[in-house]
$ cat run_4.txt   # compact mmCIF, C-alpha atoms
# COMPACT_ATOMS: atom_id res chain seq x y z
CA MET A 70 16.72 -2.22 -17.76
CA GLU A 71 14.40 -3.41 -14.98
CA GLU A 72 15.91 -5.73 -12.37
CA SER A 73 13.40 -7.61 -10.18
CA ARG A 74 14.70 -8.41 -6.69
CA TYR A 75 13.68 -9.61 -3.22
CA LEU A 76 15.00 -8.80 0.24
CA SER A 77 14.13 -10.80 3.35
CA PHE A 78 13.50 -9.25 6.76
CA SER A 79 13.13 -11.85 9.54
CA GLY A 80 11.96 -14.33 6.90
CA LEU A 81 9.50 -11.92 5.25
CA ARG A 82 10.35 -11.36 1.57
CA VAL A 83 9.75 -7.93 0.10
CA HIS A 84 9.60 -7.54 -3.69
CA PHE A 85 10.90 -4.55 -5.64
CA SER A 86 12.40 -3.69 -9.01
CA VAL A 87 15.27 -1.34 -9.78
CA VAL A 88 15.19 0.57 -13.07
CA ARG A 89 18.40 2.39 -13.96
CA PRO A 90 18.37 5.26 -16.44
CA ASP A 91 20.33 5.16 -19.67
CA THR A 92 22.01 8.42 -18.65
CA PRO A 93 23.99 9.22 -15.47
CA VAL A 94 21.86 9.12 -12.32
CA HIS A 95 20.74 12.58 -11.19
CA SER A 96 17.94 11.64 -8.81
CA HIS A 97 16.34 8.70 -6.99
CA MET A 98 12.62 7.92 -6.82
CA LEU A 99 10.57 5.34 -4.95
CA LEU A 100 7.29 4.34 -6.63
CA LEU A 101 5.32 2.54 -3.92
CA CYS A 102 2.32 0.43 -4.90
CA SER A 103 -1.01 0.38 -3.13
CA PRO A 104 -2.62 -3.05 -2.51
CA LEU A 105 -4.65 -2.68 -5.72
CA ILE A 106 -1.66 -2.32 -8.08
CA SER A 107 1.74 -3.95 -8.59
CA THR A 108 5.10 -2.80 -9.93
CA PHE A 109 3.81 -3.60 -13.43
CA HIS A 110 1.40 -0.67 -13.29
CA TRP A 111 4.18 1.97 -13.18
CA ARG A 112 5.55 0.86 -16.57
CA LYS A 113 4.21 3.85 -18.56
CA LEU A 114 6.16 6.32 -16.40
CA LEU A 115 9.54 4.66 -16.71
CA PRO A 116 10.73 6.08 -20.08
CA GLU A 117 10.13 9.62 -18.79
CA LEU A 118 11.96 8.97 -15.53
CA SER A 119 14.85 7.38 -17.41
CA SER A 120 15.17 10.40 -19.72
CA LEU A 121 15.48 12.60 -16.61
CA GLY A 122 18.32 10.49 -15.23
CA CYS A 123 16.10 9.23 -12.42
CA LEU A 124 16.87 5.86 -10.86
CA ALA A 125 13.49 4.31 -9.98
CA VAL A 126 12.73 1.71 -7.33
CA LEU A 127 9.31 0.17 -7.96
CA MET A 128 8.12 -1.53 -4.81
CA ASP A 129 5.15 -3.63 -3.80
CA LEU A 130 3.70 -2.55 -0.48
CA PRO A 131 5.04 -5.11 2.04
CA GLY A 132 2.40 -7.82 2.39
CA PHE A 133 1.00 -7.31 -1.13
CA GLY A 134 1.91 -7.74 -4.79
CA ARG A 135 4.76 -10.24 -5.13
CA SER A 136 5.91 -9.65 -1.54
CA ASP A 137 5.09 -12.29 1.07
CA CYS A 138 1.73 -11.82 2.79
CA GLY A 139 3.62 -12.38 6.02
CA ALA A 140 2.95 -11.49 9.62
CA PRO A 141 0.77 -8.60 10.82
CA GLN A 142 2.30 -5.25 9.93
CA ASN A 143 1.50 -1.63 10.62
CA THR A 144 2.57 1.58 8.87
CA ASP A 145 5.67 2.01 11.05
CA VAL A 146 6.90 -1.51 10.24
CA ARG A 147 6.23 -1.10 6.52
CA ALA A 148 8.07 2.23 6.46
CA ASN A 149 11.10 0.66 8.15
CA LEU A 150 11.11 -2.25 5.71
CA ILE A 151 11.04 0.11 2.75
CA TRP A 152 13.90 2.20 4.11
CA GLY A 153 15.81 -1.07 4.48
CA VAL A 154 15.28 -1.76 0.78
CA LEU A 155 16.36 1.75 -0.24
CA ASP A 156 19.48 1.49 1.93
CA ASP A 157 20.33 -1.81 0.23
CA VAL A 158 19.87 -0.22 -3.21
CA ASP A 159 22.16 2.63 -2.19
CA ARG A 160 24.82 0.18 -1.00
CA SER A 161 24.63 -1.93 -4.14
CA LEU A 162 25.03 1.14 -6.38
CA GLY A 163 27.70 2.77 -4.25
CA THR A 164 25.54 5.85 -3.61
CA PRO A 165 25.18 6.04 0.18
CA MET A 166 22.96 8.67 1.80
CA SER A 167 20.92 9.38 -1.34
CA LEU A 168 18.00 11.77 -1.16
CA TRP A 169 14.77 10.15 -2.35
CA HIS A 170 11.64 11.39 -4.01
CA LEU A 171 8.96 9.28 -2.29
CA ALA A 172 5.95 8.63 -4.54
CA ALA A 173 3.01 6.40 -3.62
CA HIS A 174 -0.47 5.50 -4.81
CA GLY A 175 -3.74 5.26 -2.92
CA SER A 176 -3.61 3.88 0.61
CA ALA A 177 0.19 3.47 0.38
CA CYS A 178 0.47 7.26 0.70
CA ALA A 179 0.15 6.89 4.47
CA THR A 180 3.36 4.85 4.44
CA ILE A 181 5.48 7.52 2.74
CA LEU A 182 4.14 10.06 5.25
CA ARG A 183 5.57 7.83 7.96
CA MET A 184 8.83 7.35 6.05
CA ALA A 185 9.31 11.13 5.92
CA VAL A 186 8.84 11.35 9.69
CA GLN A 187 11.28 8.51 10.36
CA TYR A 188 14.17 9.80 8.20
CA PRO A 189 13.43 13.37 7.05
CA ASP A 190 17.05 14.01 6.03
CA SER A 191 16.80 11.26 3.39
CA VAL A 192 13.68 12.69 1.70
CA LYS A 193 13.89 15.13 -1.20
CA SER A 194 10.14 15.32 -1.79
CA GLN A 195 6.84 13.47 -1.52
CA ILE A 196 4.39 12.74 -4.36
CA HIS A 197 0.93 11.46 -3.45
CA ILE A 198 -1.03 9.97 -6.37
CA ALA A 199 -4.79 9.50 -5.78
CA PRO A 200 -4.14 9.50 -2.00
CA THR A 201 -6.56 7.72 0.31
CA PHE A 202 -5.19 8.20 3.80
CA SER A 203 -7.98 6.23 5.42
CA VAL A 204 -10.30 3.47 4.20
CA SER A 205 -13.93 3.11 5.20
CA LEU A 206 -14.53 -0.25 6.82
CA PRO A 207 -17.46 -2.38 5.62
CA SER A 208 -20.24 -2.29 8.19
CA HIS A 209 -21.03 -5.21 10.47
CA ARG A 210 -24.22 -5.62 8.51
CA GLN A 211 -22.06 -6.22 5.42
CA GLY A 212 -20.11 -8.89 7.31
CA GLY A 213 -16.86 -6.94 7.85
CA PRO A 214 -13.69 -6.92 5.72
CA GLU A 215 -13.61 -10.68 5.11
CA ARG A 216 -17.15 -10.72 3.74
CA TRP A 217 -16.38 -7.63 1.62
CA TYR A 218 -13.30 -9.41 0.23
CA ASP A 219 -15.34 -12.49 -0.70
CA ALA A 220 -17.88 -10.33 -2.51
CA ASN A 221 -15.57 -7.93 -4.35
CA ILE A 222 -12.16 -9.55 -4.81
CA ALA A 223 -12.70 -13.32 -4.75
CA ASN A 224 -15.42 -12.81 -7.36
CA GLY A 225 -13.65 -11.94 -10.62
CA GLN A 226 -16.58 -10.18 -12.30
CA ARG A 227 -17.29 -8.00 -9.28
CA PHE A 228 -13.60 -7.17 -8.99
CA ARG A 229 -13.60 -5.91 -12.58
CA ARG A 230 -16.69 -3.79 -11.93
CA MET A 231 -15.08 -2.33 -8.80
CA VAL A 232 -11.83 -1.47 -10.61
CA GLU A 233 -13.65 0.15 -13.52
CA HIS A 234 -15.86 2.09 -11.08
CA TYR A 235 -12.77 3.43 -9.32
CA SER A 236 -11.02 4.08 -12.62
CA GLY A 237 -13.95 5.71 -14.37
CA TYR A 238 -13.01 3.89 -17.58
CA PRO A 239 -13.06 0.37 -19.08
CA MET A 240 -9.86 -1.54 -18.35
CA ASP A 241 -8.15 -4.15 -20.52
CA ASP A 242 -8.25 -7.72 -19.26
CA TYR A 243 -4.48 -7.97 -18.80
CA ILE A 244 -4.46 -4.88 -16.54
CA VAL A 245 -7.31 -6.12 -14.34
CA ASP A 246 -5.80 -9.61 -14.17
CA ARG A 247 -2.47 -8.15 -13.00
CA MET A 248 -4.31 -6.27 -10.24
CA ARG A 249 -6.32 -9.23 -9.02
CA ALA A 250 -3.78 -12.09 -9.21
CA PRO A 251 -1.75 -11.13 -6.07
CA LEU A 252 -4.97 -10.60 -4.11
CA VAL A 253 -6.28 -14.16 -4.53
CA ARG A 254 -3.16 -16.11 -3.51
CA PRO A 255 -3.00 -17.96 -0.17
CA GLY A 256 -2.87 -15.54 2.76
CA ALA A 257 -3.97 -12.51 0.72
CA LYS A 258 -7.48 -12.38 2.16
CA GLU A 259 -6.15 -12.13 5.70
CA ALA A 260 -3.57 -9.50 4.67
CA PHE A 261 -6.18 -7.40 2.89
CA ALA A 262 -8.65 -7.55 5.79
CA ARG A 263 -5.84 -6.59 8.20
CA MET A 264 -4.91 -3.63 6.01
CA LEU A 265 -8.53 -2.43 5.92
CA ARG A 266 -8.75 -2.49 9.70
CA GLN A 267 -5.43 -0.69 10.13
CA SER A 268 -6.40 1.97 7.56
CA ALA A 269 -9.74 2.83 9.15
CA ALA A 270 -8.16 5.73 11.09
CA PRO A 271 -6.19 8.49 9.29
CA PRO A 272 -2.46 8.97 10.00
CA ARG A 273 -1.59 11.00 13.08
CA THR A 274 1.30 12.86 11.43
CA GLY A 275 1.37 15.04 8.34
CA MET A 276 3.80 15.85 5.56
CA GLY A 277 6.79 17.07 7.57
CA PHE A 278 9.10 19.69 6.06
CA CYS A 279 9.79 18.77 2.46
CA PRO A 280 8.32 19.74 -0.93
CA THR A 281 5.09 17.80 -1.41
CA MET A 282 2.74 17.34 -4.35
CA ALA A 283 -0.64 15.62 -4.50
CA LEU A 284 -2.34 14.53 -7.74
CA VAL A 285 -6.08 14.01 -7.36
CA GLY A 286 -8.47 12.54 -9.91
CA GLY A 287 -11.58 14.60 -10.54
CA ARG A 288 -13.54 11.40 -11.28
CA ASP A 289 -12.09 9.35 -8.42
CA PRO A 290 -15.06 8.10 -6.36
CA LEU A 291 -12.73 7.46 -3.42
CA MET A 292 -11.92 11.18 -3.18
CA ASP A 293 -15.10 12.29 -1.44
CA GLU A 294 -15.46 15.49 0.60
CA ALA A 295 -14.18 13.84 3.77
CA ARG A 296 -10.99 12.65 2.08
CA LEU A 297 -10.41 15.98 0.37
CA LYS A 298 -10.65 17.63 3.79
CA GLN A 299 -8.25 15.02 5.15
CA LEU A 300 -5.83 15.88 2.35
CA GLU A 301 -5.90 19.55 3.39
CA THR A 302 -5.27 18.59 7.02
CA LEU A 303 -2.39 16.18 6.41
CA LEU A 304 -0.76 18.06 3.52
CA PRO A 305 -1.50 21.73 4.31
CA ASP A 306 1.41 23.11 2.27
CA ALA A 307 1.26 20.64 -0.59
CA GLU A 308 1.03 21.62 -4.22
CA VAL A 309 -2.28 19.98 -5.20
CA HIS A 310 -3.23 19.32 -8.82
CA ARG A 311 -6.60 18.05 -10.00
CA LEU A 312 -6.65 15.76 -13.03
CA ALA A 313 -10.21 16.58 -13.98
CA SER A 314 -10.99 13.51 -16.10
CA ALA A 315 -8.92 10.96 -14.14
CA GLY A 316 -10.13 8.35 -11.69
CA HIS A 317 -8.18 6.32 -9.12
CA PHE A 318 -5.61 4.79 -11.49
CA PRO A 319 -4.07 7.68 -13.47
CA MET A 320 -0.90 5.64 -14.12
CA GLU A 321 -3.07 3.54 -16.47
CA THR A 322 -5.63 6.01 -17.80
CA HIS A 323 -3.77 9.36 -17.68
CA SER A 324 -0.11 8.41 -17.86
CA LYS A 325 0.79 11.34 -20.14
CA ALA A 326 -0.53 13.91 -17.65
CA LEU A 327 1.22 12.05 -14.83
CA ARG A 328 4.50 12.07 -16.75
CA ASP A 329 4.16 15.80 -17.37
CA TYR A 330 3.68 16.55 -13.68
CA LEU A 331 6.55 14.29 -12.64
CA ARG A 332 8.88 15.84 -15.23
CA GLY A 333 8.19 19.35 -13.98
CA TRP A 334 8.41 18.30 -10.34
CA ILE A 335 11.73 16.49 -10.66
CA ARG A 336 13.31 19.25 -12.73
CA TYR A 337 12.21 21.92 -10.24
CA ASN A 338 13.21 20.03 -7.09
CA ASP A 339 16.51 18.69 -8.44
$ encode --input "run_4.txt" --output "structure tokens"
Amino acid sequence: MEESRYLSFSGLRVHFSVVRPDTPVHSHMLLLCSPLISTFHWRKLLPELSSLGCLAVLMDLPGFGRSDCGAPQNTDVRANLIWGVLDDVDRSLGTPMSLWHLAAHGSACATILRMAVQYPDSVKSQIHIAPTFSVSLPSHRQGGPERWYDANIANGQRFRRMVEHYSGYPMDDYIVDRMRAPLVRPGAKEAFARMLRQSAAPPRTGMGFCPTMALVGGRDPLMDEARLKQLETLLPDAEVHRLASAGHFPMETHSKALRDYLRGWIRYND
């Protein structure tokens, strides 16, 4: 059963959901959303995780999804907020000091890198899904992040084209609508532009010392040569798998393959 919850940090609400397995809990996993998805988009993975006895925390990246847009944040602040949520989950379940599999999508992968640096003894492994550790800023000629937002997110038809370009496949209306709705609420434009500026430079720290896996879509237009090289630099010892026909949203288009990789990874590392 999925339980949707909020926690407030200095007045900033952070949204997450807790999904408990039907069997005894054997492992704990964070599924962290990028700004382009919400907790809804992990739904196809949950039956597999439940069958493995994995307690899953699905979390919107602070500032996005159903979390408050809030004050300016950086990766360090977001990482601390997320650890605060995981500590609260541990307390509520009576499982203090749990070890967590940290999984993230897209630009949120930089946040779990930082989480592993902050509290390495609480991390069992990292899983990076379609990782984009830095984001190319729109040029001044294009009007900067705010102008890019107006052109590609505020405009519903262009947003759909962008999502399907990243995905490599047509997407159902209800999936695209769930992606776009949190990005057009009051304050979202400013939060998105701020995130783009903060993500222009790659993280300064790499994977740390824990088992790490990266799943890369062979048809993901965001995974260009520069980002593949960045992946090698930041995750030099990672187990990297290429989903040849997948784009940037494998949780929607290639959920079976994603479930297979997660099943093998959890069984091996637990």
$ closest_residue --input "run_4.txt" --among "A:Ser119, A:Asn224, A:Gln187, A:Gln195" --to "Asn338 in chain A" --atoms "all atoms listed in the file"
A:Gln195
$ closest_residue --input "run_4.txt" --among "A:Asp129, A:Asp137, A:Asp157, A:Asp242" --to "Thr180 in chain A" --atoms "all atoms listed in the file"
A:Asp129
$ atom_distance --input "run_4.txt" --atom1 "CA of Arg112 in chain A" --atom2 "CA of Pro272 in chain A"
28.9 Å
$ closest_residue --input "run_4.txt" --among "A:Ile198, A:Trp217, A:Phe278, A:Trp334" --to "Arg311 in chain A" --atoms "all atoms listed in the file"
A:Ile198
$ residues_near_point --input "run_4.txt" --point "(-1.9, 16.4, -16.0)" --cutoff "12 Å" --atoms "all atoms listed in the file" --output "list in words"
Ile198, Ala283, Leu284, Val285, Gly286, Gly287, Val309, His310, Arg311, Leu312, Ala313, Ser314, Ala315, Pro319, Met320, Thr322, His323, Ser324, Lys325, Ala326, Leu327, Arg328, Asp329, Tyr330, Leu331, Arg332, Gly333 and Trp334 of chain A
$ write_last_selection --input "run_4.txt" --atoms "C-alpha atoms" --output "mmCIF file, in the frame of the given file"
data_model
loop_
_atom_site.group_PDB
_atom_site.id
_atom_site.type_symbol
_atom_site.label_atom_id
_atom_site.label_comp_id
_atom_site.auth_asym_id
_atom_site.auth_seq_id
_atom_site.Cartn_x
_atom_site.Cartn_y
_atom_site.Cartn_z
ATOM 1 C CA ILE A 198 -1.030 9.970 -6.370
ATOM 2 C CA ALA A 283 -0.640 15.620 -4.500
ATOM 3 C CA LEU A 284 -2.340 14.530 -7.740
ATOM 4 C CA VAL A 285 -6.080 14.010 -7.360
ATOM 5 C CA GLY A 286 -8.470 12.540 -9.910
ATOM 6 C CA GLY A 287 -11.580 14.600 -10.540
ATOM 7 C CA VAL A 309 -2.280 19.980 -5.200
ATOM 8 C CA HIS A 310 -3.230 19.320 -8.820
ATOM 9 C CA ARG A 311 -6.600 18.050 -10.000
ATOM 10 C CA LEU A 312 -6.650 15.760 -13.030
ATOM 11 C CA ALA A 313 -10.210 16.580 -13.980
ATOM 12 C CA SER A 314 -10.990 13.510 -16.100
ATOM 13 C CA ALA A 315 -8.920 10.960 -14.140
ATOM 14 C CA PRO A 319 -4.070 7.680 -13.470
ATOM 15 C CA MET A 320 -0.900 5.640 -14.120
ATOM 16 C CA THR A 322 -5.630 6.010 -17.800
ATOM 17 C CA HIS A 323 -3.770 9.360 -17.680
ATOM 18 C CA SER A 324 -0.110 8.410 -17.860
ATOM 19 C CA LYS A 325 0.790 11.340 -20.140
ATOM 20 C CA ALA A 326 -0.530 13.910 -17.650
ATOM 21 C CA LEU A 327 1.220 12.050 -14.830
ATOM 22 C CA ARG A 328 4.500 12.070 -16.750
ATOM 23 C CA ASP A 329 4.160 15.800 -17.370
ATOM 24 C CA TYR A 330 3.680 16.550 -13.680
ATOM 25 C CA LEU A 331 6.550 14.290 -12.640
ATOM 26 C CA ARG A 332 8.880 15.840 -15.230
ATOM 27 C CA GLY A 333 8.190 19.350 -13.980
ATOM 28 C CA TRP A 334 8.410 18.300 -10.340
#
$ closest_residue --input "run_4.txt" --among "A:Arg74, A:Arg249, A:Arg288, A:His97" --to "Val192 in chain A" --atoms "all atoms listed in the file"
A:His97
$ closest_residue --input "run_4.txt" --among "A:Val253, A:Val88, A:Leu100, A:Val154" --to "Pro116 in chain A" --atoms "only C-alpha atoms"
A:Val88
$ atom_distance --input "run_4.txt" --atom1 "CA of Arg336 in chain A" --atom2 "CA of Thr164 in chain A"
20.3 Å
$ atom_distance --input "run_4.txt" --atom1 "CA of Glu321 in chain A" --atom2 "CA of Thr281 in chain A"
22.3 Å
$ closest_residue --input "run_4.txt" --among "A:Arg183, A:Arg263, A:Arg230, A:His110" --to "Leu150 in chain A" --atoms "all atoms listed in the file"
A:Arg183
$ residues_around --input "run_4.txt" --residues "Gly225 in chain A" --least-positions-apart "2" --cutoff "10 Å" --atoms "all atoms listed in the file" --output "PDB file with C-alpha atoms, keeping the file's coordinate frame"
ATOM      1  CA  ALA A 220     -17.880 -10.330  -2.510  1.00  0.00           C
ATOM      2  CA  ASN A 221     -15.570  -7.930  -4.350  1.00  0.00           C
ATOM      3  CA  ILE A 222     -12.160  -9.550  -4.810  1.00  0.00           C
ATOM      4  CA  ALA A 223     -12.700 -13.320  -4.750  1.00  0.00           C
ATOM      5  CA  ARG A 227     -17.290  -8.000  -9.280  1.00  0.00           C
ATOM      6  CA  PHE A 228     -13.600  -7.170  -8.990  1.00  0.00           C
ATOM      7  CA  ARG A 229     -13.600  -5.910 -12.580  1.00  0.00           C
ATOM      8  CA  ARG A 230     -16.690  -3.790 -11.930  1.00  0.00           C
ATOM      9  CA  MET A 231     -15.080  -2.330  -8.800  1.00  0.00           C
ATOM     10  CA  VAL A 245      -7.310  -6.120 -14.340  1.00  0.00           C
ATOM     11  CA  ASP A 246      -5.800  -9.610 -14.170  1.00  0.00           C
ATOM     12  CA  ARG A 249      -6.320  -9.230  -9.020  1.00  0.00           C
ATOM     13  CA  ALA A 250      -3.780 -12.090  -9.210  1.00  0.00           C
ATOM     14  CA  VAL A 253      -6.280 -14.160  -4.530  1.00  0.00           C
TER      15      VAL A 253
END
$ axis_aligned_box --input "run_4.txt" --around "range 86-92 of chain A" --padding-each-side "8 Å" --output "AutoDock Vina command-line options"
--center_x 17.2 --center_y 2.4 --center_z -14.3 --size_x 25.6 --size_y 28.1 --size_z 26.7
$ decode --input "run_4.txt" --residues "range 143-198 of chain A" --atoms "C-alpha atoms" --output "PDB file, in the first residue's frame"
ATOM      1  CA  ASN A 143      21.515  23.633  -4.024  1.00  0.00           C
ATOM      2  CA  THR A 144      22.532  19.973  -4.181  1.00  0.00           C
ATOM      3  CA  ASP A 145      23.903  19.969  -0.615  1.00  0.00           C
ATOM      4  CA  VAL A 146      20.630  21.329   0.790  1.00  0.00           C
ATOM      5  CA  ARG A 147      18.520  18.883  -1.212  1.00  0.00           C
ATOM      6  CA  ALA A 148      20.669  15.957  -0.077  1.00  0.00           C
ATOM      7  CA  ASN A 149      20.253  16.980   3.571  1.00  0.00           C
ATOM      8  CA  LEU A 150      16.487  17.333   3.176  1.00  0.00           C
ATOM      9  CA  ILE A 151      16.231  13.862   1.683  1.00  0.00           C
ATOM     10  CA  TRP A 152      18.292  12.307   4.462  1.00  0.00           C
ATOM     11  CA  GLY A 153      15.900  14.023   6.876  1.00  0.00           C
ATOM     12  CA  VAL A 154      12.989  12.273   5.189  1.00  0.00           C
ATOM     13  CA  LEU A 155      14.715   8.875   5.252  1.00  0.00           C
ATOM     14  CA  ASP A 156      15.574   9.318   8.943  1.00  0.00           C
ATOM     15  CA  ASP A 157      11.915  10.096   9.652  1.00  0.00           C
ATOM     16  CA  VAL A 158      10.821   6.977   7.746  1.00  0.00           C
ATOM     17  CA  ASP A 159      13.279   4.894   9.762  1.00  0.00           C
ATOM     18  CA  ARG A 160      11.946   6.327  13.027  1.00  0.00           C
ATOM     19  CA  SER A 161       8.317   5.760  12.080  1.00  0.00           C
ATOM     20  CA  LEU A 162       9.001   2.117  11.155  1.00  0.00           C
ATOM     21  CA  GLY A 163      11.266   1.427  14.112  1.00  0.00           C
ATOM     22  CA  THR A 164      14.225   0.596  11.851  1.00  0.00           C
ATOM     23  CA  PRO A 165      16.960   3.058  12.838  1.00  0.00           C
ATOM     24  CA  MET A 166      20.255   3.172  10.951  1.00  0.00           C
ATOM     25  CA  SER A 167      18.933   1.411   7.844  1.00  0.00           C
ATOM     26  CA  LEU A 168      21.188   1.007   4.829  1.00  0.00           C
ATOM     27  CA  TRP A 169      19.631   2.501   1.698  1.00  0.00           C
ATOM     28  CA  HIS A 170      19.838   1.740  -1.978  1.00  0.00           C
ATOM     29  CA  LEU A 171      19.808   5.246  -3.494  1.00  0.00           C
ATOM     30  CA  ALA A 172      18.218   5.327  -6.958  1.00  0.00           C
ATOM     31  CA  ALA A 173      17.600   8.483  -8.980  1.00  0.00           C
ATOM     32  CA  HIS A 174      16.602   9.579 -12.466  1.00  0.00           C
ATOM     33  CA  GLY A 175      18.131  12.178 -14.772  1.00  0.00           C
ATOM     34  CA  SER A 176      19.485  15.341 -13.176  1.00  0.00           C
ATOM     35  CA  ALA A 177      18.520  14.068  -9.694  1.00  0.00           C
ATOM     36  CA  CYS A 178      21.462  11.650  -9.926  1.00  0.00           C
ATOM     37  CA  ALA A 179      23.776  14.466  -8.823  1.00  0.00           C
ATOM     38  CA  THR A 180      21.839  14.619  -5.551  1.00  0.00           C
ATOM     39  CA  ILE A 181      22.362  10.966  -4.630  1.00  0.00           C
ATOM     40  CA  LEU A 182      26.072  11.397  -5.381  1.00  0.00           C
ATOM     41  CA  ARG A 183      26.084  14.112  -2.741  1.00  0.00           C
ATOM     42  CA  MET A 184      24.021  11.997  -0.344  1.00  0.00           C
ATOM     43  CA  ALA A 185      26.622   9.222  -0.552  1.00  0.00           C
ATOM     44  CA  VAL A 186      29.373  11.702   0.316  1.00  0.00           C
ATOM     45  CA  GLN A 187      27.435  13.128   3.261  1.00  0.00           C
ATOM     46  CA  TYR A 188      26.544   9.805   4.942  1.00  0.00           C
ATOM     47  CA  PRO A 189      28.470   6.959   3.288  1.00  0.00           C
ATOM     48  CA  ASP A 190      27.773   4.543   6.153  1.00  0.00           C
ATOM     49  CA  SER A 191      24.026   4.746   5.430  1.00  0.00           C
ATOM     50  CA  VAL A 192      24.345   3.840   1.727  1.00  0.00           C
ATOM     51  CA  LYS A 193      24.147   0.252   0.496  1.00  0.00           C
ATOM     52  CA  SER A 194      24.382   1.120  -3.200  1.00  0.00           C
ATOM     53  CA  GLN A 195      23.662   3.735  -5.846  1.00  0.00           C
ATOM     54  CA  ILE A 196      21.544   3.275  -8.990  1.00  0.00           C
ATOM     55  CA  HIS A 197      21.675   5.990 -11.648  1.00  0.00           C
ATOM     56  CA  ILE A 198      18.887   5.804 -14.256  1.00  0.00           C
TER      57      ILE A 198
END
